[in-house]
>>> print(open('run28.txt').read())   # compact mmCIF, C-alpha atoms and all ligand atoms
# COMPACT_ATOMS: atom_id res chain seq x y z
CA MET A 1 15.66 -4.19 5.52
CA ALA A 2 19.05 -5.36 4.30
CA PHE A 3 20.99 -7.90 6.31
CA ALA A 4 24.77 -8.04 6.77
CA GLN A 5 26.55 -11.18 5.57
CA ILE A 6 30.19 -12.12 6.04
CA VAL A 7 31.46 -12.67 2.49
CA GLY A 8 35.24 -12.51 3.01
CA TRP A 9 37.68 -13.35 5.80
CA GLY A 10 41.39 -13.29 6.50
CA MET A 11 43.97 -13.43 9.28
CA HIS A 12 47.60 -12.55 9.76
CA VAL A 13 49.92 -13.34 12.66
CA PRO A 14 53.61 -12.49 13.10
CA ASP A 15 56.18 -15.19 12.23
CA LYS A 16 57.82 -15.26 15.67
CA VAL A 17 56.45 -18.19 17.69
CA VAL A 18 57.08 -18.03 21.46
CA GLY A 19 56.51 -21.21 23.48
CA ASN A 20 55.82 -21.30 27.23
CA ASP A 21 59.40 -22.38 27.97
CA ALA A 22 60.67 -19.02 26.68
CA PHE A 23 59.29 -17.39 29.86
CA VAL A 24 61.16 -19.86 32.05
CA LYS A 25 64.35 -19.12 30.07
CA MET A 26 63.73 -15.39 30.68
CA GLY A 27 63.99 -16.16 34.41
CA LEU A 28 60.29 -15.92 35.22
CA ASP A 29 59.08 -18.15 38.08
CA THR A 30 56.67 -20.17 35.94
CA SER A 31 56.49 -23.42 33.96
CA ASP A 32 55.02 -24.84 30.77
CA GLU A 33 52.95 -27.14 32.98
CA TRP A 34 51.41 -24.22 34.96
CA ILE A 35 50.65 -22.09 31.90
CA SER A 36 49.18 -24.87 29.78
CA SER A 37 47.10 -26.43 32.57
CA ARG A 38 45.72 -23.12 33.94
CA THR A 39 45.12 -21.38 30.59
CA GLY A 40 45.30 -23.91 27.72
CA ILE A 41 48.00 -21.77 26.08
CA HIS A 42 51.07 -23.51 24.59
CA GLU A 43 52.47 -20.77 22.37
CA ARG A 44 51.74 -17.32 21.00
CA ARG A 45 53.07 -14.98 18.29
CA PHE A 46 54.92 -11.73 18.96
CA VAL A 47 55.84 -8.99 16.50
CA GLU A 48 59.49 -8.03 16.11
CA ASN A 49 61.40 -4.87 15.27
CA GLY A 50 58.58 -2.51 16.12
CA GLN A 51 56.28 -3.77 13.37
CA PRO A 52 53.13 -1.64 13.64
CA VAL A 53 49.70 -3.18 14.12
CA SER A 54 48.52 -1.65 10.82
CA ASP A 55 50.87 -4.06 9.00
CA LEU A 56 49.02 -7.05 10.45
CA ALA A 57 45.61 -5.46 9.86
CA VAL A 58 46.35 -4.68 6.20
CA GLU A 59 47.41 -8.27 5.47
CA ALA A 60 44.28 -9.70 7.10
CA ALA A 61 42.02 -7.23 5.26
CA LYS A 62 43.69 -7.98 1.90
CA GLN A 63 42.91 -11.67 2.38
CA ALA A 64 39.28 -10.86 3.20
CA LEU A 65 39.05 -8.89 -0.07
CA GLN A 66 40.61 -11.79 -1.96
CA VAL A 67 38.20 -14.37 -0.58
CA ALA A 68 35.23 -12.14 -1.49
CA ASP A 69 36.79 -11.26 -4.85
CA ALA A 70 36.04 -7.64 -3.94
CA HIS A 71 37.70 -4.37 -4.99
CA PRO A 72 39.10 -2.05 -2.31
CA ARG A 73 37.12 0.74 -3.96
CA ASP A 74 33.88 -1.13 -3.19
CA LEU A 75 34.42 -0.45 0.52
CA ASP A 76 32.20 2.18 2.15
CA LEU A 77 33.74 1.89 5.59
CA VAL A 78 36.76 0.42 7.39
CA ILE A 79 36.30 -0.22 11.12
CA LEU A 80 39.39 -1.29 12.99
CA ALA A 81 38.91 -2.70 16.48
CA THR A 82 42.13 -2.18 18.40
CA CYS A 83 43.40 -0.98 21.76
CA THR A 84 47.00 -0.87 20.52
CA PRO A 85 46.94 1.65 17.65
CA ASP A 86 50.01 2.66 15.62
CA GLN A 87 49.85 6.12 17.20
CA ILE A 88 47.31 8.34 19.01
CA MET A 89 46.23 10.05 15.80
CA PRO A 90 45.35 9.62 13.06
CA SER A 91 43.32 6.46 13.51
CA THR A 92 45.09 3.27 12.50
CA ALA A 93 42.02 2.56 10.37
CA SER A 94 43.05 5.53 8.19
CA PHE A 95 46.42 3.88 7.50
CA VAL A 96 44.65 0.62 6.67
CA GLN A 97 42.10 2.35 4.40
CA HIS A 98 44.90 4.13 2.60
CA ARG A 99 47.15 1.10 2.17
CA LEU A 100 44.28 -0.99 0.86
CA GLY A 101 43.49 1.70 -1.72
CA ALA A 102 39.94 1.98 -0.35
CA ASP A 103 39.57 5.53 -1.69
CA ARG A 104 35.81 5.77 -1.17
CA ALA A 105 35.76 4.45 2.39
CA GLY A 106 35.40 6.23 5.72
CA ALA A 107 37.61 4.82 8.45
CA PHE A 108 37.72 4.83 12.22
CA ASP A 109 39.18 2.91 15.15
CA LEU A 110 36.97 1.35 17.77
CA ASN A 111 38.37 0.59 21.21
CA ALA A 112 36.46 -1.93 23.29
CA ALA A 113 39.68 -3.84 24.06
CA CYS A 114 39.26 -7.61 23.70
CA ALA A 115 35.52 -7.19 23.05
CA GLY A 116 36.29 -4.82 20.16
CA PHE A 117 35.81 -7.10 17.17
CA VAL A 118 32.25 -8.12 18.06
CA TYR A 119 31.45 -4.46 18.87
CA ALA A 120 32.84 -3.51 15.44
CA LEU A 121 30.91 -6.28 13.69
CA ALA A 122 27.66 -5.10 15.33
CA THR A 123 28.46 -1.49 14.32
CA GLY A 124 29.30 -2.45 10.72
CA ALA A 125 26.13 -4.56 10.47
CA ALA A 126 24.03 -1.63 11.72
CA GLN A 127 25.47 0.60 8.96
CA ILE A 128 24.45 -1.99 6.38
CA GLU A 129 21.02 -2.64 7.90
CA SER A 130 20.24 1.09 7.90
CA GLY A 131 21.17 1.32 4.21
CA ARG A 132 24.11 3.71 4.83
CA ALA A 133 26.73 1.22 3.64
CA LYS A 134 26.91 -1.83 1.40
CA ASN A 135 30.44 -3.10 2.02
CA VAL A 136 32.17 -2.73 5.38
CA MET A 137 35.62 -4.06 6.24
CA VAL A 138 35.75 -5.02 9.92
CA VAL A 139 39.21 -5.71 11.31
CA GLY A 140 40.35 -6.77 14.77
CA ALA A 141 44.08 -6.27 15.37
CA ASP A 142 46.19 -5.94 18.48
CA GLU A 143 49.79 -6.08 19.66
CA LEU A 144 49.54 -6.33 23.42
CA SER A 145 53.17 -7.54 23.51
CA ASN A 146 54.07 -3.83 23.45
CA HIS A 147 52.36 -3.34 26.82
CA LEU A 148 53.34 -6.36 28.87
CA ASN A 149 55.32 -6.31 32.08
CA TRP A 150 57.82 -9.15 31.50
CA GLN A 151 58.33 -9.50 35.25
CA ASP A 152 54.63 -10.15 35.92
CA ARG A 153 53.99 -13.88 35.47
CA THR A 154 50.25 -13.42 36.04
CA THR A 155 49.83 -11.42 32.81
CA CYS A 156 52.76 -11.64 30.37
CA VAL A 157 52.22 -15.33 29.57
CA LEU A 158 48.61 -14.81 28.49
CA PHE A 159 48.73 -12.56 25.42
CA GLY A 160 49.82 -12.68 21.79
CA ASP A 161 49.74 -10.46 18.69
CA GLY A 162 47.66 -10.86 15.54
CA ALA A 163 44.94 -9.60 13.22
CA GLY A 164 41.78 -10.93 11.61
CA ALA A 165 39.29 -9.33 9.25
CA VAL A 166 35.92 -9.93 7.67
CA LEU A 167 34.15 -8.22 4.81
CA LEU A 168 30.48 -7.52 5.53
CA ARG A 169 28.14 -7.07 2.59
CA ALA A 170 24.47 -6.16 2.25
CA SER A 171 22.30 -9.19 1.55
CA GLU A 172 18.63 -10.09 1.41
CA GLU A 173 19.18 -13.07 3.70
CA PRO A 174 20.52 -13.04 7.26
CA GLY A 175 23.39 -12.80 8.00
CA ILE A 176 23.73 -11.24 11.34
CA MET A 177 20.52 -11.85 13.24
CA ALA A 178 21.06 -10.30 16.67
CA SER A 179 23.75 -8.55 18.66
CA THR A 180 24.29 -7.07 22.08
CA THR A 181 27.01 -4.82 23.48
CA GLY A 182 27.59 -3.95 27.12
CA SER A 183 29.87 -2.06 29.45
CA ASP A 184 30.42 -1.82 33.19
CA GLY A 185 32.98 0.90 33.88
CA SER A 186 32.87 0.19 37.62
CA GLY A 187 35.27 -2.67 36.82
CA ALA A 188 37.70 -0.51 34.80
CA GLY A 189 40.54 -1.03 37.27
CA LEU A 190 40.42 -4.83 36.96
CA LEU A 191 42.17 -4.84 33.58
CA GLU A 192 43.88 -1.73 32.31
CA ILE A 193 46.81 0.03 30.68
CA ARG A 194 46.98 3.36 32.50
CA GLY A 195 49.61 5.17 30.50
CA GLY A 196 49.44 6.71 27.07
CA GLY A 197 46.31 8.83 27.61
CA THR A 198 45.42 12.27 28.94
CA LYS A 199 45.27 11.11 32.57
CA ALA A 200 48.90 10.13 32.45
CA SER A 201 50.53 13.09 30.78
CA SER A 202 50.28 16.82 30.57
CA ASN A 203 51.64 19.00 27.78
CA GLY A 204 53.72 16.14 26.54
CA ASN A 205 55.37 15.42 29.91
CA ALA A 206 54.73 11.88 31.06
CA SER A 207 53.78 11.75 34.73
CA ALA A 208 54.64 9.08 37.29
CA ASN A 209 51.55 6.99 36.55
CA GLY A 210 52.16 7.14 32.83
CA LYS A 211 53.49 3.60 32.43
CA ALA A 212 51.75 1.95 29.50
CA VAL A 213 51.82 -1.60 30.89
CA LEU A 214 48.92 -3.95 31.35
CA THR A 215 47.74 -4.81 34.86
CA MET A 216 44.98 -7.26 35.70
CA ASN A 217 43.13 -8.93 38.53
CA GLY A 218 42.99 -12.36 36.87
CA PRO A 219 40.74 -14.27 39.29
CA GLN A 220 38.07 -11.52 39.33
CA ILE A 221 38.09 -11.25 35.53
CA PHE A 222 37.85 -15.03 35.35
CA ARG A 223 34.71 -15.23 37.50
CA TRP A 224 33.03 -12.30 35.74
CA ALA A 225 33.90 -13.55 32.23
CA THR A 226 32.47 -17.07 32.61
CA LYS A 227 29.13 -15.62 33.76
CA LYS A 228 29.04 -12.77 31.23
CA LEU A 229 29.93 -14.96 28.23
CA SER A 230 27.03 -17.31 28.84
CA GLU A 231 24.57 -14.50 29.71
CA ALA A 232 25.36 -12.52 26.55
CA ALA A 233 25.23 -15.67 24.40
CA THR A 234 21.83 -16.63 25.87
CA GLN A 235 20.50 -13.15 25.07
CA VAL A 236 21.42 -13.27 21.35
CA ILE A 237 20.27 -16.90 21.03
CA GLU A 238 16.84 -15.87 22.35
CA GLU A 239 16.68 -12.67 20.30
CA SER A 240 17.33 -14.60 17.10
CA ASP A 241 14.57 -17.12 17.96
CA LEU A 242 17.02 -19.99 18.23
CA THR A 243 17.33 -22.67 20.85
CA VAL A 244 20.70 -23.78 22.22
CA ASP A 245 20.27 -27.04 20.29
CA GLN A 246 20.14 -25.10 17.03
CA VAL A 247 23.54 -23.51 17.63
CA ASP A 248 26.09 -25.19 15.34
CA LEU A 249 29.23 -23.35 16.41
CA PHE A 250 30.18 -21.28 19.46
CA LEU A 251 33.11 -18.93 18.80
CA PRO A 252 34.06 -17.30 22.11
CA HIS A 253 36.89 -14.85 22.81
CA GLN A 254 40.08 -16.90 23.19
CA ALA A 255 41.52 -15.85 26.55
CA ASN A 256 41.61 -19.00 28.64
CA LEU A 257 40.43 -22.53 27.81
CA ARG A 258 38.92 -22.91 31.29
CA ILE A 259 36.75 -19.80 30.73
CA ILE A 260 35.61 -21.16 27.35
CA ASP A 261 34.80 -24.62 28.77
CA SER A 262 32.97 -23.20 31.74
CA ALA A 263 30.85 -20.82 29.58
CA ALA A 264 30.01 -23.66 27.17
CA LYS A 265 28.98 -25.86 30.12
CA ARG A 266 26.69 -23.13 31.49
CA LEU A 267 25.10 -22.85 28.05
CA GLY A 268 24.72 -26.62 27.74
CA LEU A 269 26.80 -26.78 24.56
CA PRO A 270 28.76 -29.99 23.83
CA ARG A 271 32.54 -29.65 23.29
CA GLU A 272 32.30 -30.42 19.55
CA LYS A 273 30.24 -27.25 19.00
CA VAL A 274 32.84 -25.03 20.67
CA PHE A 275 35.84 -23.68 18.80
CA SER A 276 39.14 -22.93 20.50
CA ASN A 277 42.63 -22.14 19.27
CA VAL A 278 43.90 -20.35 22.38
CA ASP A 279 46.59 -23.06 22.56
CA THR A 280 48.44 -21.66 19.52
CA TYR A 281 47.88 -17.89 19.76
CA GLY A 282 47.11 -17.01 23.40
CA ASN A 283 44.82 -14.03 23.88
CA THR A 284 45.18 -11.81 20.80
CA SER A 285 42.61 -9.32 22.14
CA ALA A 286 40.43 -7.85 19.34
CA ALA A 287 41.97 -10.27 16.83
CA SER A 288 41.00 -13.45 18.68
CA ILE A 289 37.51 -14.00 17.25
CA PRO A 290 38.27 -13.28 13.57
CA ILE A 291 41.39 -15.48 13.80
CA ALA A 292 39.26 -18.24 15.36
CA LEU A 293 36.68 -17.79 12.60
CA CYS A 294 39.33 -18.15 9.87
CA GLU A 295 40.72 -21.29 11.48
CA ALA A 296 37.24 -22.77 12.00
CA ILE A 297 36.59 -22.22 8.28
CA SER A 298 39.89 -23.81 7.26
CA GLN A 299 39.09 -26.82 9.49
CA ASP A 300 35.75 -27.30 7.65
CA ARG A 301 33.72 -26.40 10.73
CA VAL A 302 31.64 -23.69 9.04
CA HIS A 303 28.90 -24.49 6.48
CA VAL A 304 26.11 -22.62 4.74
CA GLY A 305 23.07 -22.47 7.00
CA ASP A 306 25.04 -22.88 10.26
CA ASN A 307 23.94 -20.83 13.26
CA MET A 308 26.95 -19.32 14.98
CA ILE A 309 27.35 -17.44 18.26
CA LEU A 310 30.28 -15.04 18.76
CA THR A 311 30.95 -13.73 22.27
CA SER A 312 33.69 -11.51 23.61
CA PHE A 313 34.70 -9.77 26.82
CA GLY A 314 37.51 -7.58 28.02
CA SER A 315 38.76 -4.41 29.63
CA GLY A 316 36.05 -1.85 30.31
CA LEU A 317 34.67 -4.02 31.55
CA SER A 318 33.05 -4.56 28.16
CA TRP A 319 31.34 -7.44 26.42
CA ALA A 320 29.50 -8.20 23.18
CA ALA A 321 27.72 -11.14 21.59
CA LEU A 322 26.30 -11.77 18.15
CA ALA A 323 24.23 -14.47 16.47
CA LEU A 324 24.60 -15.07 12.74
CA ARG A 325 23.50 -17.54 10.11
CA TRP A 326 26.37 -18.38 7.78
CA GLY A 327 25.40 -17.75 4.15
CA THR A 328 28.58 -17.79 2.09
CA PRO A 329 29.81 -20.96 0.39
CA ILE A 330 33.44 -21.63 1.34
CA PRO A 331 35.55 -21.28 -1.82
CA SER A 332 37.94 -24.18 -2.34
CA SER A 333 40.53 -21.76 -3.71
CA VAL A 334 40.88 -18.11 -4.54
CA ALA A 335 40.68 -17.26 -8.27
CA ARG A 336 44.24 -17.21 -9.66
CA TRP A 337 44.12 -13.64 -10.90
CA THR A 338 42.61 -12.15 -7.69
CA PRO A 339 45.89 -11.77 -5.74
CA ILE A 340 47.56 -10.28 -8.83
CA ARG A 341 44.72 -7.81 -9.27
CA LEU A 342 44.86 -6.86 -5.58
CA GLN A 343 48.63 -6.38 -5.72
CA LEU A 344 48.20 -4.09 -8.71
CA GLU A 345 45.47 -2.15 -6.93
CA THR A 346 47.67 -1.73 -3.85
CA ARG A 347 50.51 -0.43 -6.05
CA MET A 348 48.12 1.95 -7.78
CA ALA A 349 46.93 3.18 -4.36
CA GLY A 350 50.58 3.83 -3.42
CA LEU A 351 51.11 5.74 -6.66
CA ARG A 352 47.95 7.80 -6.17
CA SER A 353 49.09 8.64 -2.65
CA ALA A 354 52.57 9.70 -3.83
CA ILE A 355 50.98 11.95 -6.49
CA LYS A 356 48.61 13.48 -3.92
CA LYS A 357 51.52 14.20 -1.53
CA ARG A 358 53.54 15.80 -4.35
CA GLU A 359 50.53 17.86 -5.43
CA ARG A 360 50.06 19.10 -1.86
CA ALA A 361 53.73 20.07 -1.57
CA VAL A 362 53.70 21.92 -4.92
CA ARG A 363 50.51 23.79 -3.98
CA ALA A 364 51.99 24.78 -0.63
CA THR A 365 55.15 26.12 -2.33
CA ILE A 366 53.16 28.09 -4.92
CA GLY A 367 50.92 29.46 -2.13
CA GLU A 368 53.96 30.59 -0.13
CA ARG A 369 55.52 32.29 -3.19
CA LEU A 370 52.28 34.08 -4.04
CA ASN A 371 51.95 35.28 -0.44
CA ARG A 372 55.56 36.50 -0.43
CA ASP A 373 55.25 38.26 -3.77
CA GLY A 374 51.88 39.75 -2.77
CA GLY A 375 53.34 40.93 0.55
N1 LIG A 401 53.17 -19.31 36.56
C1 LIG A 401 53.20 -19.86 37.78
N2 LIG A 401 52.39 -19.48 38.79
C2 LIG A 401 51.53 -18.48 38.53
C3 LIG A 401 51.47 -17.84 37.27
C4 LIG A 401 52.33 -18.31 36.28
N3 LIG A 401 52.35 -17.77 35.03
N4 LIG A 401 50.51 -16.89 37.32
C5 LIG A 401 50.00 -16.90 38.56
N5 LIG A 401 50.62 -17.86 39.29
C6 LIG A 401 50.42 -18.20 40.69
C7 LIG A 401 49.87 -17.05 41.50
O1 LIG A 401 50.90 -16.15 41.85
C8 LIG A 401 49.27 -17.77 42.66
O2 LIG A 401 50.31 -18.10 43.53
P1 LIG A 401 50.09 -18.00 45.12
O3 LIG A 401 48.99 -18.96 45.41
O4 LIG A 401 51.43 -18.39 45.66
O5 LIG A 401 49.71 -16.58 45.40
C9 LIG A 401 48.75 -19.07 42.04
O6 LIG A 401 49.44 -19.20 40.80
C10 LIG A 401 47.27 -19.04 41.80
O7 LIG A 401 46.97 -17.81 41.18
P2 LIG A 401 45.55 -17.45 40.66
O8 LIG A 401 45.57 -16.07 40.11
O9 LIG A 401 44.50 -17.78 41.68
O10 LIG A 401 45.42 -18.52 39.46
P3 LIG A 401 44.23 -18.75 38.51
O11 LIG A 401 43.92 -20.17 38.50
O12 LIG A 401 43.12 -17.79 38.73
O13 LIG A 401 44.87 -18.41 37.10
C11 LIG A 401 44.82 -16.66 35.45
C12 LIG A 401 45.34 -17.10 36.80
C13 LIG A 401 45.35 -15.27 35.19
C14 LIG A 401 45.31 -17.61 34.40
C15 LIG A 401 43.27 -16.69 35.50
O14 LIG A 401 42.82 -16.00 36.61
C16 LIG A 401 42.66 -16.07 34.29
O15 LIG A 401 42.79 -16.55 33.19
N6 LIG A 401 41.90 -14.97 34.47
C17 LIG A 401 41.25 -14.31 33.36
C18 LIG A 401 42.26 -13.48 32.64
C19 LIG A 401 41.81 -13.04 31.32
O16 LIG A 401 41.16 -13.75 30.60
N7 LIG A 401 42.17 -11.82 30.95
C20 LIG A 401 41.93 -11.26 29.69
C21 LIG A 401 40.55 -10.78 29.57
S1 LIG A 401 40.27 -10.20 27.94
>>> encode(input="run28.txt", output="structure tokens", more="lines below")
Ligand code: COA
Amino acid sequence: MAFAQIVGWGMHVPDKVVGNDAFVKMGLDTSDEWISSRTGIHERRFVENGQPVSDLAVEAAKQALQVADAHPRDLDLVILATCTPDQIMPSTASFVQHRLGADRAGAFDLNAACAGFVYALATGAAQIESGRAKNVMVVGADELSNHLNWQDRTTCVLFGDGAGAVLLRASEEPGIMASTTGSDGSGAGLLEIRGGGTKASSNGNASANGKAVLTMNGPQIFRWATKKLSEAATQVIEESDLTVDQVDLFLPHQANLRIIDSAAKRLGLPREKVFSNVDTYGNTSAASIPIALCEAISQDRVHVGDNMILTSFGSGLSWAALALRWGTPIPSSVARWTPIRLQLETRMAGLRSAIKKRERAVRATIGERLNRDGG
């Protein structure tokens, strides 16, 4: 059986940095002290001017290709974990596949909210392990800033926007060793965005409950998440025949530093084996784990042979965990010509797309003429 290895990685966050004080200035009854002490968050990034989530996803995926020195045409599949797509259809993954120039790849979105990236990683790994794919781009990207109620201090201070991506490749060595995914829909109402779907509208007319803003029962999610994170982590540690002592790095979903600390304590993991960057990005939903992975790598906290545990949780309620052994040497720099080659390939993809569109339009016109003349 083939294993799935992470061979490339990348992240992209918007330029706009928003500190905790910005919420006070907006007139919200909150403070930097409350937000940072209760959540660990100091700042987050928000997109501006309606920038679509596909923009962030494409940049992260391009970096992952660069690190792996891979061609977009090598990709068999693009899986984009997101709960904030560009539009209802087509899938945002299709935009990403197209803009990367990944002409051979299938593409689909996967929505497991904040747990989405680990779900997508497990799904991509299964495609590789079954022999159906050799190279899978897995992206986690979200822009929850589009769905926040700026008058609700219990939610709007918690989230940020961003994207992260990894390239999975078939390998003889593990790789991803074990994964688990779970869902408990009885808790759906604890964290949700009600609007935007078929429940909230009919024949294009938005109904009263169609507001696409996030609502959450924070304390209940908090209690459930600390328990679920450690349970799911324990399961994949056991299934990969590891002991807790053999875990080198714990990369949990970055929602709240107190949740992370409490889960690590339950697992018996010392602080130095736990990665957190929730202070600088807040909760970026499906992007949080791949962004954390990229930053852990850049801080020299990931080495060949390391055992790593990734755990996530979110709306659904849904959760996922995954154990992997890191197998890719960290390149000190990207080959000089790789970005140039990728830029050229992206331009070529744009050109191919323009030609295809033109071709389609010409064919449609000829078809219409023939029909008219025939009729
Ligand atoms: N600023 C100031 N006060 C705030 C506040 C804010 N931003 N948000 C909530 N409060 C207030 C509450 O209104 C409450 O006031 P009250 O006692 O007068 O009613 C008080 O702080 C305590 O609220 P509580 O909800 O019990 O605080 P908490 O310690 O549980 O922290 C969360 C709230 C949301 C930070 C915490 O519950 C949490 O992180 N939950 C998990 C959320 C999460 O991770 N969601 C994403 C999942 S993917």
>>> residues_near_point(input="run28.txt", point="(48.0, -20.9, 21.9)", cutoff="10 Å", atoms="all atoms listed in the file", output="compact mmCIF listing (two decimals) with C-alpha atoms, keeping the file's coordinate frame")
# COMPACT_ATOMS: atom_id res chain seq x y z
CA VAL A 17 56.45 -18.19 17.69
CA VAL A 18 57.08 -18.03 21.46
CA GLY A 19 56.51 -21.21 23.48
CA ASN A 20 55.82 -21.30 27.23
CA SER A 36 49.18 -24.87 29.78
CA THR A 39 45.12 -21.38 30.59
CA GLY A 40 45.30 -23.91 27.72
CA ILE A 41 48.00 -21.77 26.08
CA HIS A 42 51.07 -23.51 24.59
CA GLU A 43 52.47 -20.77 22.37
CA ARG A 44 51.74 -17.32 21.00
CA ARG A 45 53.07 -14.98 18.29
CA LEU A 158 48.61 -14.81 28.49
CA PHE A 159 48.73 -12.56 25.42
CA GLY A 160 49.82 -12.68 21.79
CA GLN A 254 40.08 -16.90 23.19
CA ALA A 255 41.52 -15.85 26.55
CA ASN A 256 41.61 -19.00 28.64
CA LEU A 257 40.43 -22.53 27.81
CA SER A 276 39.14 -22.93 20.50
CA ASN A 277 42.63 -22.14 19.27
CA VAL A 278 43.90 -20.35 22.38
CA ASP A 279 46.59 -23.06 22.56
CA THR A 280 48.44 -21.66 19.52
CA TYR A 281 47.88 -17.89 19.76
CA GLY A 282 47.11 -17.01 23.40
CA ASN A 283 44.82 -14.03 23.88
CA THR A 284 45.18 -11.81 20.80
>>> residues_around(input="run28.txt", residues="segment 238-243 of chain A", least_positions_apart="6", cutoff="12 Å", atoms="only C-alpha atoms", output="PyMOL selection string")
chain A and resi 174-180+231-232+267-269+306-309+321-325
>>> closest_residue(input="run28.txt", among="A:Ser333, A:Ser183, A:Ser298, A:Asn49", to="Ser312 of chain A", atoms="all atoms listed in the file")
A:Ser183
>>> residues_around(input="run28.txt", residues="segment 125-127 of chain A", least_positions_apart="2", cutoff="10 Å", atoms="all atoms listed in the file", output="list in words")
Ala2, Phe3, Ala4, Gln5, Ile6, Asp76, Leu77, Tyr119, Ala120, Leu121, Ala122, Thr123, Glu129, Ser130, Gly131, Arg132, Ala133, Lys134, Asn135, Val136, Val138, Leu168, Arg169, Ala170, Gly175, Ile176, Met177, Ala178 and Ser179 of chain A
>>> atom_distance(input="run28.txt", atom1="atom N2 of ligand LIG 401 (chain A)", atom2="atom CA of Ile35 of chain A")
7.6 Å
>>> closest_atom_pairs(input="run28.txt", of="chain A", to="ligand LIG 401 (chain A)", cutoff="7 Å", atoms="only C-alpha atoms and all ligand atoms", output="JSON lines")
{"residue": "A:Asp29", "atom": "CA", "partner": "A:LIG401", "partner_atom": "C1", "distance": 6.1}
{"residue": "A:Thr30", "atom": "CA", "partner": "A:LIG401", "partner_atom": "N1", "distance": 3.7}
{"residue": "A:Ser31", "atom": "CA", "partner": "A:LIG401", "partner_atom": "N1", "distance": 5.9}
{"residue": "A:Trp34", "atom": "CA", "partner": "A:LIG401", "partner_atom": "N1", "distance": 5.5}
{"residue": "A:Ile35", "atom": "CA", "partner": "A:LIG401", "partner_atom": "N3", "distance": 5.6}
{"residue": "A:Arg38", "atom": "CA", "partner": "A:LIG401", "partner_atom": "C14", "distance": 5.5}
{"residue": "A:Thr39", "atom": "CA", "partner": "A:LIG401", "partner_atom": "C14", "distance": 5.4}
{"residue": "A:Cys114", "atom": "CA", "partner": "A:LIG401", "partner_atom": "S1", "distance": 5.1}
{"residue": "A:Arg153", "atom": "CA", "partner": "A:LIG401", "partner_atom": "N3", "distance": 4.2}
{"residue": "A:Thr154", "atom": "CA", "partner": "A:LIG401", "partner_atom": "N4", "distance": 3.7}
{"residue": "A:Thr155", "atom": "CA", "partner": "A:LIG401", "partner_atom": "C13", "distance": 6.4}
{"residue": "A:Val157", "atom": "CA", "partner": "A:LIG401", "partner_atom": "N3", "distance": 6.0}
{"residue": "A:Gly218", "atom": "CA", "partner": "A:LIG401", "partner_atom": "O14", "distance": 3.7}
{"residue": "A:Pro219", "atom": "CA", "partner": "A:LIG401", "partner_atom": "O14", "distance": 3.8}
{"residue": "A:Ile221", "atom": "CA", "partner": "A:LIG401", "partner_atom": "C17", "distance": 4.9}
{"residue": "A:Phe222", "atom": "CA", "partner": "A:LIG401", "partner_atom": "C17", "distance": 4.0}
{"residue": "A:Ala255", "atom": "CA", "partner": "A:LIG401", "partner_atom": "O16", "distance": 4.6}
{"residue": "A:Asn256", "atom": "CA", "partner": "A:LIG401", "partner_atom": "O15", "distance": 5.3}
{"residue": "A:Ser285", "atom": "CA", "partner": "A:LIG401", "partner_atom": "S1", "distance": 6.3}
{"residue": "A:Phe313", "atom": "CA", "partner": "A:LIG401", "partner_atom": "S1", "distance": 5.7}
{"residue": "A:Gly314", "atom": "CA", "partner": "A:LIG401", "partner_atom": "S1", "distance": 3.8}
{"residue": "A:Ser315", "atom": "CA", "partner": "A:LIG401", "partner_atom": "S1", "distance": 6.2}
>>> closest_residue(input="run28.txt", among="A:Val53, A:Asp32, A:Gly305, A:Gln343", to="Pro329 of chain A", atoms="only C-alpha atoms")
A:Gly305
